[in-house]
file structure_4.txt (compact mmCIF, C-alpha atoms)
# COMPACT_ATOMS: atom_id res chain seq x y z
CA MET A 1 0.00 0.00 0.00
CA GLU A 2 1.36 3.41 -0.99
CA LEU A 3 1.47 6.47 1.26
CA THR A 4 -0.59 8.35 -1.32
CA GLN A 5 -3.45 5.92 -0.72
CA LEU A 6 -3.26 6.58 3.01
CA LYS A 7 -3.27 10.35 2.46
CA TYR A 8 -6.32 10.07 0.20
CA PHE A 9 -8.10 7.86 2.75
CA ILE A 10 -7.35 10.27 5.61
CA ARG A 11 -8.57 13.29 3.69
CA LEU A 12 -11.83 11.62 2.70
CA ALA A 13 -12.31 10.37 6.27
CA GLU A 14 -11.98 13.98 7.49
CA ILE A 15 -14.21 15.57 4.83
CA LEU A 16 -16.67 12.71 4.09
CA ASN A 17 -17.37 14.23 0.70
CA PHE A 18 -15.73 12.91 -2.48
CA THR A 19 -16.10 16.17 -4.40
CA GLU A 20 -14.64 18.38 -1.68
CA ALA A 21 -11.90 15.91 -0.72
CA SER A 22 -10.72 15.53 -4.32
CA ARG A 23 -10.67 19.32 -4.69
CA LEU A 24 -8.48 19.70 -1.60
CA LEU A 25 -6.21 16.90 -2.85
CA PHE A 26 -5.94 18.49 -6.31
CA ILE A 27 -7.06 15.29 -8.04
CA THR A 28 -10.16 14.22 -9.95
CA GLN A 29 -13.05 12.60 -8.14
CA SER A 30 -12.62 9.45 -10.21
CA THR A 31 -8.96 9.21 -9.14
CA LEU A 32 -9.98 9.46 -5.48
CA SER A 33 -12.73 6.86 -5.91
CA GLN A 34 -10.34 4.47 -7.63
CA SER A 35 -7.74 4.91 -4.86
CA ILE A 36 -10.32 4.19 -2.14
CA ARG A 37 -11.54 1.08 -3.96
CA GLN A 38 -7.95 -0.12 -4.32
CA THR A 39 -7.26 0.46 -0.61
CA GLU A 40 -10.44 -1.37 0.41
CA GLY A 41 -9.50 -4.21 -1.93
CA GLU A 42 -6.02 -4.56 -0.47
CA LEU A 43 -7.38 -4.52 3.07
CA GLY A 44 -10.28 -6.83 2.20
CA ILE A 45 -12.82 -4.70 4.04
CA GLN A 46 -15.07 -1.72 3.35
CA LEU A 47 -13.82 1.57 4.85
CA PHE A 48 -16.65 3.84 3.70
CA GLU A 49 -20.37 3.40 3.37
CA ARG A 50 -22.11 5.33 0.62
CA ILE A 51 -25.79 6.09 1.18
CA GLY A 52 -27.13 8.23 -1.63
CA LYS A 53 -24.84 11.24 -1.90
CA LYS A 54 -23.62 10.93 1.69
CA VAL A 55 -20.44 9.16 2.80
CA TYR A 56 -19.85 7.59 6.20
CA LEU A 57 -16.87 5.85 7.80
CA THR A 58 -17.56 2.21 8.63
CA ASP A 59 -16.41 0.73 11.94
CA ALA A 60 -13.40 -0.63 10.06
CA GLY A 61 -12.65 2.84 8.67
CA GLN A 62 -12.86 4.34 12.15
CA ALA A 63 -10.48 1.69 13.50
CA PHE A 64 -7.99 2.13 10.64
CA LEU A 65 -7.90 5.95 10.66
CA PRO A 66 -5.54 6.53 13.66
CA PHE A 67 -3.09 3.96 12.30
CA ALA A 68 -3.10 5.61 8.87
CA ARG A 69 -2.41 8.98 10.47
CA GLN A 70 0.39 7.55 12.57
CA ALA A 71 1.98 5.94 9.50
CA ILE A 72 2.07 9.32 7.75
CA ILE A 73 3.49 11.04 10.84
CA GLU A 74 6.22 8.43 11.29
CA THR A 75 7.22 8.57 7.62
CA GLU A 76 7.32 12.37 7.51
CA THR A 77 9.32 12.41 10.75
CA GLY A 78 11.84 9.96 9.32
CA ILE A 79 12.24 12.01 6.15
CA GLN A 80 12.70 15.19 8.19
CA LYS A 81 15.32 13.56 10.42
CA LEU A 82 17.33 12.45 7.38
CA ARG A 83 17.12 15.95 5.90
CA ASP A 84 18.35 17.45 9.16
CA MET A 85 21.25 15.00 9.24
CA GLN A 86 22.23 16.15 5.75
CA GLN A 87 21.56 19.82 6.62
CA ILE A 88 18.94 20.03 3.88
CA TYR A 89 16.59 22.71 5.08
CA LYS A 90 13.59 22.57 2.77
CA GLY A 91 9.91 21.99 3.25
CA GLU A 92 7.47 23.50 5.70
CA LEU A 93 7.42 24.70 9.30
CA ARG A 94 3.87 24.68 10.67
CA ILE A 95 3.20 26.79 13.73
CA GLY A 96 0.04 27.15 15.78
CA VAL A 97 -0.28 30.42 17.67
CA ILE A 98 -2.94 32.16 19.68
CA TYR A 99 -4.07 35.37 18.02
CA SER A 100 -2.84 37.82 20.64
CA LEU A 101 0.77 36.63 20.18
CA CYS A 102 0.83 37.23 16.42
CA PRO A 103 1.96 40.91 16.49
CA MET A 104 5.20 40.02 18.27
CA LEU A 105 6.17 37.44 15.61
CA ALA A 106 6.71 39.83 12.69
CA GLU A 107 10.41 40.49 13.32
CA SER A 108 11.12 36.82 14.05
CA ILE A 109 9.41 35.73 10.82
CA VAL A 110 11.51 38.15 8.76
CA ARG A 111 14.76 36.95 10.37
CA PHE A 112 13.86 33.28 9.99
CA SER A 113 12.84 33.63 6.33
CA LYS A 114 16.13 35.32 5.48
CA GLU A 115 18.06 32.54 7.24
CA TYR A 116 16.00 29.69 5.74
CA PRO A 117 14.59 30.97 2.42
CA GLU A 118 13.57 27.47 1.30
CA ILE A 119 11.41 26.80 4.36
CA LYS A 120 7.76 27.72 3.90
CA LEU A 121 6.27 29.11 7.11
CA ILE A 122 2.64 28.22 7.76
CA LEU A 123 1.09 30.01 10.74
CA THR A 124 -2.36 28.97 11.94
CA GLN A 125 -4.00 31.39 14.35
CA SER A 126 -6.68 30.77 16.94
CA THR A 127 -8.19 32.70 19.81
CA SER A 128 -8.28 29.52 21.92
CA ILE A 129 -5.32 27.86 23.64
CA ASN A 130 -7.32 24.63 23.58
CA ASP A 131 -7.65 24.87 19.78
CA VAL A 132 -3.90 25.20 19.18
CA THR A 133 -3.34 22.26 21.52
CA ILE A 134 -5.74 20.17 19.42
CA MET A 135 -3.85 21.23 16.26
CA LEU A 136 -0.67 19.97 17.89
CA HIS A 137 -2.11 16.58 18.81
CA GLU A 138 -3.67 16.09 15.38
CA ASN A 139 -0.30 16.78 13.69
CA GLU A 140 -1.57 19.95 12.00
CA VAL A 141 1.37 21.94 13.43
CA ASP A 142 4.96 21.16 14.42
CA PHE A 143 4.69 23.21 17.60
CA ALA A 144 2.47 25.84 19.14
CA LEU A 145 2.95 29.15 20.95
CA ALA A 146 0.46 29.99 23.64
CA TYR A 147 0.09 31.34 27.15
CA LYS A 148 0.76 28.80 29.88
CA LEU A 149 -2.27 27.29 31.56
CA ASP A 150 -2.29 25.62 34.96
CA THR A 151 -2.73 22.21 33.34
CA PHE A 152 -2.05 20.63 29.96
CA SER A 153 -2.45 17.02 28.85
CA SER A 154 0.27 14.62 30.00
CA SER A 155 1.42 14.16 26.36
CA THR A 156 2.10 17.88 25.92
CA GLU A 157 5.61 19.16 26.60
CA VAL A 158 5.53 22.74 27.89
CA VAL A 159 8.64 24.94 27.76
CA ASP A 160 8.50 28.44 29.26
CA LEU A 161 9.89 31.06 26.86
CA PHE A 162 9.41 34.49 28.43
CA PRO A 163 6.94 36.52 30.53
CA ASP A 164 4.41 38.73 28.78
CA PRO A 165 2.62 40.81 31.45
CA LEU A 166 -0.65 42.62 30.87
CA CYS A 167 -0.20 46.34 30.28
CA LEU A 168 -2.16 49.45 29.49
CA ILE A 169 -1.60 50.16 25.78
CA VAL A 170 -1.67 53.85 24.82
CA HIS A 171 -0.33 56.14 22.12
CA GLN A 172 2.97 57.82 22.95
CA ARG A 173 1.19 61.21 22.81
CA SER A 174 -1.12 60.22 25.67
CA PRO A 175 -0.32 61.68 29.12
CA LEU A 176 -0.65 58.11 30.43
CA ALA A 177 2.38 57.05 28.36
CA ALA A 178 4.74 58.77 30.81
CA LEU A 179 3.57 56.68 33.77
CA LYS A 180 5.76 53.87 35.09
CA LYS A 181 2.74 51.91 36.34
CA ILE A 182 -1.01 52.39 36.46
CA SER A 183 -3.87 50.86 38.43
CA ILE A 184 -6.67 49.17 36.52
CA GLN A 185 -9.10 51.22 38.59
CA ALA A 186 -7.82 54.41 36.94
CA LEU A 187 -8.90 53.19 33.51
CA THR A 188 -12.64 53.43 34.12
CA HIS A 189 -12.65 57.08 32.99
CA TYR A 190 -11.11 56.46 29.57
CA PRO A 191 -12.49 55.08 26.27
CA LEU A 192 -11.48 51.45 26.68
CA ALA A 193 -11.42 48.83 23.93
CA LEU A 194 -10.82 45.18 24.85
CA LEU A 195 -10.70 41.76 23.27
CA LYS A 196 -14.07 40.02 23.30
CA PRO A 197 -14.95 37.78 26.27
CA GLY A 198 -13.66 34.22 26.03
CA SER A 199 -10.04 34.85 25.13
CA TYR A 200 -7.33 34.02 27.67
CA THR A 201 -6.20 37.66 27.77
CA ARG A 202 -9.73 38.89 28.49
CA LYS A 203 -10.17 36.28 31.24
CA MET A 204 -6.97 37.50 32.91
CA ILE A 205 -8.14 41.12 32.68
CA GLU A 206 -11.51 40.25 34.21
CA LYS A 207 -9.79 38.29 37.00
CA ILE A 208 -7.65 41.31 37.94
CA ALA A 209 -10.64 43.64 37.77
CA MET A 210 -12.76 41.35 39.95
CA GLU A 211 -10.00 41.05 42.55
CA SER A 212 -9.75 44.86 42.55
CA GLY A 213 -13.49 45.14 43.16
CA ILE A 214 -14.34 46.88 39.90
CA SER A 215 -16.31 46.00 36.79
CA LEU A 216 -14.75 47.18 33.55
CA GLN A 217 -17.21 48.48 30.97
CA PRO A 218 -15.36 48.69 27.65
CA MET A 219 -16.81 50.92 24.96
CA ALA A 220 -15.72 48.43 22.30
CA GLU A 221 -15.07 44.68 22.22
CA ILE A 222 -13.18 43.25 19.26
CA ASN A 223 -11.86 39.80 18.40
CA ASP A 224 -8.75 41.16 16.66
CA THR A 225 -5.59 42.29 18.42
CA ASN A 226 -4.29 44.16 15.36
CA LEU A 227 -7.50 46.16 15.03
CA LEU A 228 -7.32 47.08 18.72
CA LEU A 229 -3.77 48.36 18.20
CA GLN A 230 -4.90 50.38 15.17
CA MET A 231 -7.62 51.97 17.31
CA VAL A 232 -5.05 52.91 19.96
CA HIS A 233 -2.91 54.37 17.14
CA THR A 234 -5.61 57.03 16.61
CA GLY A 235 -4.94 58.41 20.09
CA ASP A 236 -8.64 58.23 20.95
CA TRP A 237 -8.64 54.80 22.58
CA ILE A 238 -6.77 52.82 25.21
CA SER A 239 -6.61 49.05 25.63
CA ILE A 240 -5.20 46.33 27.86
CA LEU A 241 -3.03 43.79 26.09
CA SER A 242 0.23 41.97 26.63
CA GLN A 243 3.51 43.86 26.76
CA HIS A 244 4.84 42.25 23.60
CA SER A 245 1.78 43.14 21.55
CA VAL A 246 3.41 46.52 20.82
CA ASP A 247 6.79 45.10 19.72
CA SER A 248 6.15 46.16 16.11
CA HIS A 249 4.46 49.45 17.05
CA PRO A 250 7.03 52.06 18.15
CA GLU A 251 4.34 54.75 18.41
CA LEU A 252 2.59 52.85 21.19
CA ARG A 253 3.55 52.44 24.84
CA ALA A 254 2.94 49.53 27.22
CA VAL A 255 2.45 50.74 30.80
CA PRO A 256 2.54 47.88 33.37
CA LEU A 257 -0.46 47.41 35.64
CA LYS A 258 0.08 47.83 39.38
CA GLU A 259 -2.11 44.87 40.24
CA LYS A 260 -0.61 41.43 40.66
CA GLY A 261 -1.87 38.47 38.68
CA GLY A 262 -1.37 39.79 35.16
CA ASN A 263 2.02 38.24 34.49
CA MET A 264 1.22 35.87 31.64
CA GLN A 265 3.82 33.32 30.52
CA VAL A 266 4.46 32.60 26.84
CA SER A 267 5.21 28.91 26.37
CA LEU A 268 6.25 26.51 23.64
CA LEU A 269 3.96 23.50 23.27
CA GLN A 270 5.28 20.30 21.70
CA LEU A 271 4.29 16.66 21.76
CA LYS A 272 6.41 14.52 24.06
CA GLY A 273 8.54 12.02 22.22
CA ARG A 274 8.08 13.57 18.78
CA TYR A 275 11.17 14.44 16.75
CA LYS A 276 11.94 18.16 16.85
CA LYS A 277 12.97 19.74 13.57
CA ILE A 278 16.20 21.72 13.62
CA VAL A 279 14.45 24.62 11.90
CA ALA A 280 11.75 24.59 14.59
CA GLN A 281 14.36 24.87 17.30
CA ARG A 282 16.02 27.70 15.38
CA PHE A 283 12.73 29.60 15.04
CA ILE A 284 12.26 29.44 18.81
CA GLU A 285 15.81 30.72 19.36
CA ILE A 286 15.07 33.68 17.08
CA ILE A 287 11.87 34.49 18.99
CA GLN A 288 13.72 34.42 22.29
CA ASP A 289 16.47 36.62 20.90
CA THR A 290 14.14 39.23 19.39
CA THR A 291 12.09 39.50 22.59
CA SER A 292 14.91 39.34 25.16
CA HIS A 293 15.91 43.00 24.86
CA LYS A 294 12.26 44.09 25.11
CA ILE A 295 11.47 42.43 28.44

call {"tool": "encode", "arguments": {"input": "structure_4.txt", "output": "C-alpha cells"}}
result
Amino acid sequence: MELTQLKYFIRLAEILNFTEASRLLFITQSTLSQSIRQTEGELGIQLFERIGKKVYLTDAGQAFLPFARQAIIETETGIQKLRDMQQIYKGELRIGVIYSLCPMLAESIVRFSKEYPEIKLILTQSTSINDVTIMLHENEVDFALAYKLDTFSSSTEVVDLFPDPLCLIVHQRSPLAALKKISIQALTHYPLALLKPGSYTRKMIEKIAMESGISLQPMAEINDTNLLLQMVHTGDWISILSQHSVDSHPELRAVPLKEKGGNMQVSLLQLKGRYKKIVAQRFIEIIQDTTSHKI
C-alpha cells in the first residue's frame, strides 16, 4: 500500500465528501474513488459506506484511521530527520499560535525567512489555547505558541519562553504614556477597547478587575488584536493587552499594571517524544532573541 493511498483515505475520512476531498487533494473525483476502492480491496474490508450522496466511515474505517495517520506522521518524521542529518533545510514549518501573540512574531518571521529561504512558514492562528493544543495533537502543526495554563495534557511538553505581562496600551502622545505603572481602577474614565470575552487575555483582565473590586465596561469589544492596536494608534482609545503586543508598534507604549496576577507566561507547546525539527528549534531561538531586549 502506498502512502498516497493513506493520504487520500485520511482526507476523505476527514471531509466525508468525495467532491470536496478531491478538490483539496488536487485530483479528480474518479482518481480518489479508484484509490479508495484499491485500498479497500487490499485490506479486504469496506472503509466507507455510501448512502445516496452521503459518505460515512464504517467501523473498520474508524479503526484504521488513527493507524493511517500515525503511519504518515512516522514517515514524515523519518524524512525530516534524514534531511536534518544532511543539513537540507527545505519543506514547511507549521506553527500554531494564539491570536494575541501574532503581532510580536513579525520580526522573528523576517529573520527566519532570510536565514531559511527554502522553508515555507505556515502560521495557523486561533483565539483559543485549547484549539492550538488540538492542532498539535492532530499533527496539524509542528509546535504551538500559547500562554501557559495551569494544566495541559500529559502528552504535551511545555517549555516556558518568556513573561508577557498585561499592560495598558496607549499612544505615545497620551499623558498616560509617561507613567511607570497604572492601576486598573484608573482606567474606568477612559475610552477602553478590549478583546471580546472568552479569550485568555480577556479572562486575565476580568480576573484582575474582579480582585480589585471593579467592573470594567469597555466601549468596544473586538476579536482582533491588530485592530485594537490600530484603534489605539488614533490616540482616541486605550486598551489592555500583553507587553509584547506593541513590539512592532514604536508609536505605542505599554504601561505595566500595578495589580498582581497579570504576568502571563508565553510557552512553547510540543508533543512529548516527537522528533523536533532543527528549523523549529532555530525559530524558537530567534523568537527568544528578538524578545529578550524588550522584556

call {"tool": "closest_residue", "arguments": {"input": "structure_4.txt", "among": "A:Met264, A:Leu192, A:Leu271, A:Cys102", "to": "Leu166 of chain A", "atoms": "only C-alpha atoms"}}
result
A:Met264

call {"tool": "residues_around", "arguments": {"input": "structure_4.txt", "residues": "His171 of chain A", "least_positions_apart": "6", "cutoff": "9 Å", "atoms": "all atoms listed in the file", "output": "VMD selection string"}}
result
chain A and resid 177 232 to 238 251 to 254

call {"tool": "atom_distance", "arguments": {"input": "structure_4.txt", "atom1": "atom CA of Asp59 of chain A", "atom2": "atom CA of Met1 of chain A"}}
result
20.3 Å

call {"tool": "closest_residue", "arguments": {"input": "structure_4.txt", "among": "A:Tyr8, A:Phe143, A:Ala209, A:Val158", "to": "Phe26 of chain A", "atoms": "all atoms listed in the file"}}
result
A:Tyr8

call {"tool": "residues_around", "arguments": {"input": "structure_4.txt", "residues": "Leu43 of chain A", "least_positions_apart": "2", "cutoff": "12 Å", "atoms": "all atoms listed in the file", "output": "PyMOL selection string"}}
result
chain A and resi 1+5-6+36-41+45-47+60-61+64

call {"tool": "build_atoms", "arguments": {"input": "structure_4.txt", "residues": "segment 14-25 of chain A", "atoms": "all heavy atoms", "output": "PDB file, in the frame of the given file"}}
result
ATOM      1  N   GLU A  14     -11.790  12.700   6.797  1.00  0.00           N
ATOM      2  CA  GLU A  14     -11.980  13.980   7.490  1.00  0.00           C
ATOM      3  C   GLU A  14     -13.109  14.793   6.864  1.00  0.00           C
ATOM      4  O   GLU A  14     -13.862  15.472   7.578  1.00  0.00           O
ATOM      5  CB  GLU A  14     -10.676  14.785   7.430  1.00  0.00           C
ATOM      6  CG  GLU A  14      -9.540  14.174   8.236  1.00  0.00           C
ATOM      7  CD  GLU A  14      -8.204  14.851   7.977  1.00  0.00           C
ATOM      8  OE1 GLU A  14      -8.065  15.563   6.951  1.00  0.00           O
ATOM      9  OE2 GLU A  14      -7.285  14.673   8.796  1.00  0.00           O
ATOM     10  N   ILE A  15     -13.242  14.724   5.540  1.00  0.00           N
ATOM     11  CA  ILE A  15     -14.210  15.570   4.830  1.00  0.00           C
ATOM     12  C   ILE A  15     -15.548  14.866   4.642  1.00  0.00           C
ATOM     13  O   ILE A  15     -16.620  15.484   4.708  1.00  0.00           O
ATOM     14  CB  ILE A  15     -13.643  16.000   3.451  1.00  0.00           C
ATOM     15  CG1 ILE A  15     -12.308  16.717   3.624  1.00  0.00           C
ATOM     16  CG2 ILE A  15     -14.643  16.879   2.707  1.00  0.00           C
ATOM     17  CD1 ILE A  15     -12.395  17.995   4.427  1.00  0.00           C
ATOM     18  N   LEU A  16     -15.479  13.522   4.368  1.00  0.00           N
ATOM     19  CA  LEU A  16     -16.670  12.710   4.090  1.00  0.00           C
ATOM     20  C   LEU A  16     -17.478  13.278   2.923  1.00  0.00           C
ATOM     21  O   LEU A  16     -18.710  13.316   2.937  1.00  0.00           O
ATOM     22  CB  LEU A  16     -17.547  12.585   5.350  1.00  0.00           C
ATOM     23  CG  LEU A  16     -16.928  11.803   6.512  1.00  0.00           C
ATOM     24  CD1 LEU A  16     -17.845  11.804   7.722  1.00  0.00           C
ATOM     25  CD2 LEU A  16     -16.603  10.370   6.095  1.00  0.00           C
ATOM     26  N   ASN A  17     -16.738  13.715   1.921  1.00  0.00           N
ATOM     27  CA  ASN A  17     -17.370  14.230   0.700  1.00  0.00           C
ATOM     28  C   ASN A  17     -16.357  14.062  -0.437  1.00  0.00           C
ATOM     29  O   ASN A  17     -15.289  14.679  -0.406  1.00  0.00           O
ATOM     30  CB  ASN A  17     -17.759  15.696   0.867  1.00  0.00           C
ATOM     31  CG  ASN A  17     -18.472  16.249  -0.351  1.00  0.00           C
ATOM     32  OD1 ASN A  17     -17.888  16.381  -1.428  1.00  0.00           O
ATOM     33  ND2 ASN A  17     -19.734  16.598  -0.177  1.00  0.00           N
ATOM     34  N   PHE A  18     -16.684  13.214  -1.410  1.00  0.00           N
ATOM     35  CA  PHE A  18     -15.730  12.910  -2.480  1.00  0.00           C
ATOM     36  C   PHE A  18     -15.364  14.160  -3.285  1.00  0.00           C
ATOM     37  O   PHE A  18     -14.195  14.373  -3.624  1.00  0.00           O
ATOM     38  CB  PHE A  18     -16.304  11.843  -3.412  1.00  0.00           C
ATOM     39  CG  PHE A  18     -16.034  10.446  -2.949  1.00  0.00           C
ATOM     40  CD1 PHE A  18     -16.920   9.795  -2.105  1.00  0.00           C
ATOM     41  CD2 PHE A  18     -14.893   9.774  -3.350  1.00  0.00           C
ATOM     42  CE1 PHE A  18     -16.679   8.497  -1.661  1.00  0.00           C
ATOM     43  CE2 PHE A  18     -14.632   8.473  -2.925  1.00  0.00           C
ATOM     44  CZ  PHE A  18     -15.524   7.840  -2.069  1.00  0.00           C
ATOM     45  N   THR A  19     -16.350  14.980  -3.580  1.00  0.00           N
ATOM     46  CA  THR A  19     -16.100  16.170  -4.400  1.00  0.00           C
ATOM     47  C   THR A  19     -15.164  17.139  -3.697  1.00  0.00           C
ATOM     48  O   THR A  19     -14.172  17.607  -4.270  1.00  0.00           O
ATOM     49  CB  THR A  19     -17.420  16.882  -4.734  1.00  0.00           C
ATOM     50  OG1 THR A  19     -18.290  15.975  -5.426  1.00  0.00           O
ATOM     51  CG2 THR A  19     -17.173  18.111  -5.606  1.00  0.00           C
ATOM     52  N   GLU A  20     -15.443  17.421  -2.430  1.00  0.00           N
ATOM     53  CA  GLU A  20     -14.640  18.380  -1.680  1.00  0.00           C
ATOM     54  C   GLU A  20     -13.253  17.806  -1.382  1.00  0.00           C
ATOM     55  O   GLU A  20     -12.238  18.515  -1.474  1.00  0.00           O
ATOM     56  CB  GLU A  20     -15.335  18.747  -0.369  1.00  0.00           C
ATOM     57  CG  GLU A  20     -14.613  19.767   0.489  1.00  0.00           C
ATOM     58  CD  GLU A  20     -14.476  21.135  -0.167  1.00  0.00           C
ATOM     59  OE1 GLU A  20     -15.160  21.389  -1.172  1.00  0.00           O
ATOM     60  OE2 GLU A  20     -13.671  21.946   0.331  1.00  0.00           O
ATOM     61  N   ALA A  21     -13.189  16.530  -1.029  1.00  0.00           N
ATOM     62  CA  ALA A  21     -11.900  15.910  -0.720  1.00  0.00           C
ATOM     63  C   ALA A  21     -10.990  15.885  -1.938  1.00  0.00           C
ATOM     64  O   ALA A  21      -9.792  16.183  -1.843  1.00  0.00           O
ATOM     65  CB  ALA A  21     -12.110  14.492  -0.196  1.00  0.00           C
ATOM     66  N   SER A  22     -11.538  15.546  -3.103  1.00  0.00           N
ATOM     67  CA  SER A  22     -10.720  15.530  -4.320  1.00  0.00           C
ATOM     68  C   SER A  22     -10.247  16.921  -4.687  1.00  0.00           C
ATOM     69  O   SER A  22      -9.122  17.100  -5.169  1.00  0.00           O
ATOM     70  CB  SER A  22     -11.512  14.916  -5.480  1.00  0.00           C
ATOM     71  OG  SER A  22     -12.711  15.643  -5.722  1.00  0.00           O
ATOM     72  N   ARG A  23     -11.082  17.935  -4.419  1.00  0.00           N
ATOM     73  CA  ARG A  23     -10.670  19.320  -4.690  1.00  0.00           C
ATOM     74  C   ARG A  23      -9.497  19.719  -3.815  1.00  0.00           C
ATOM     75  O   ARG A  23      -8.529  20.322  -4.281  1.00  0.00           O
ATOM     76  CB  ARG A  23     -11.849  20.279  -4.453  1.00  0.00           C
ATOM     77  CG  ARG A  23     -11.538  21.738  -4.815  1.00  0.00           C
ATOM     78  CD  ARG A  23     -12.685  22.653  -4.432  1.00  0.00           C
ATOM     79  NE  ARG A  23     -12.835  22.779  -3.000  1.00  0.00           N
ATOM     80  CZ  ARG A  23     -12.104  23.586  -2.243  1.00  0.00           C
ATOM     81  NH1 ARG A  23     -11.156  24.344  -2.789  1.00  0.00           N
ATOM     82  NH2 ARG A  23     -12.297  23.649  -0.933  1.00  0.00           N
ATOM     83  N   LEU A  24      -9.555  19.367  -2.524  1.00  0.00           N
ATOM     84  CA  LEU A  24      -8.480  19.700  -1.600  1.00  0.00           C
ATOM     85  C   LEU A  24      -7.205  18.909  -1.903  1.00  0.00           C
ATOM     86  O   LEU A  24      -6.094  19.359  -1.587  1.00  0.00           O
ATOM     87  CB  LEU A  24      -8.918  19.432  -0.160  1.00  0.00           C
ATOM     88  CG  LEU A  24     -10.046  20.332   0.368  1.00  0.00           C
ATOM     89  CD1 LEU A  24     -10.528  19.845   1.727  1.00  0.00           C
ATOM     90  CD2 LEU A  24      -9.584  21.782   0.462  1.00  0.00           C
ATOM     91  N   LEU A  25      -7.361  17.735  -2.502  1.00  0.00           N
ATOM     92  CA  LEU A  25      -6.210  16.900  -2.850  1.00  0.00           C
ATOM     93  C   LEU A  25      -5.649  17.228  -4.235  1.00  0.00           C
ATOM     94  O   LEU A  25      -4.630  16.663  -4.641  1.00  0.00           O
ATOM     95  CB  LEU A  25      -6.605  15.424  -2.802  1.00  0.00           C
ATOM     96  CG  LEU A  25      -6.874  14.835  -1.408  1.00  0.00           C
ATOM     97  CD1 LEU A  25      -7.580  13.498  -1.523  1.00  0.00           C
ATOM     98  CD2 LEU A  25      -5.575  14.695  -0.623  1.00  0.00           C
TER      99      LEU A  25
END
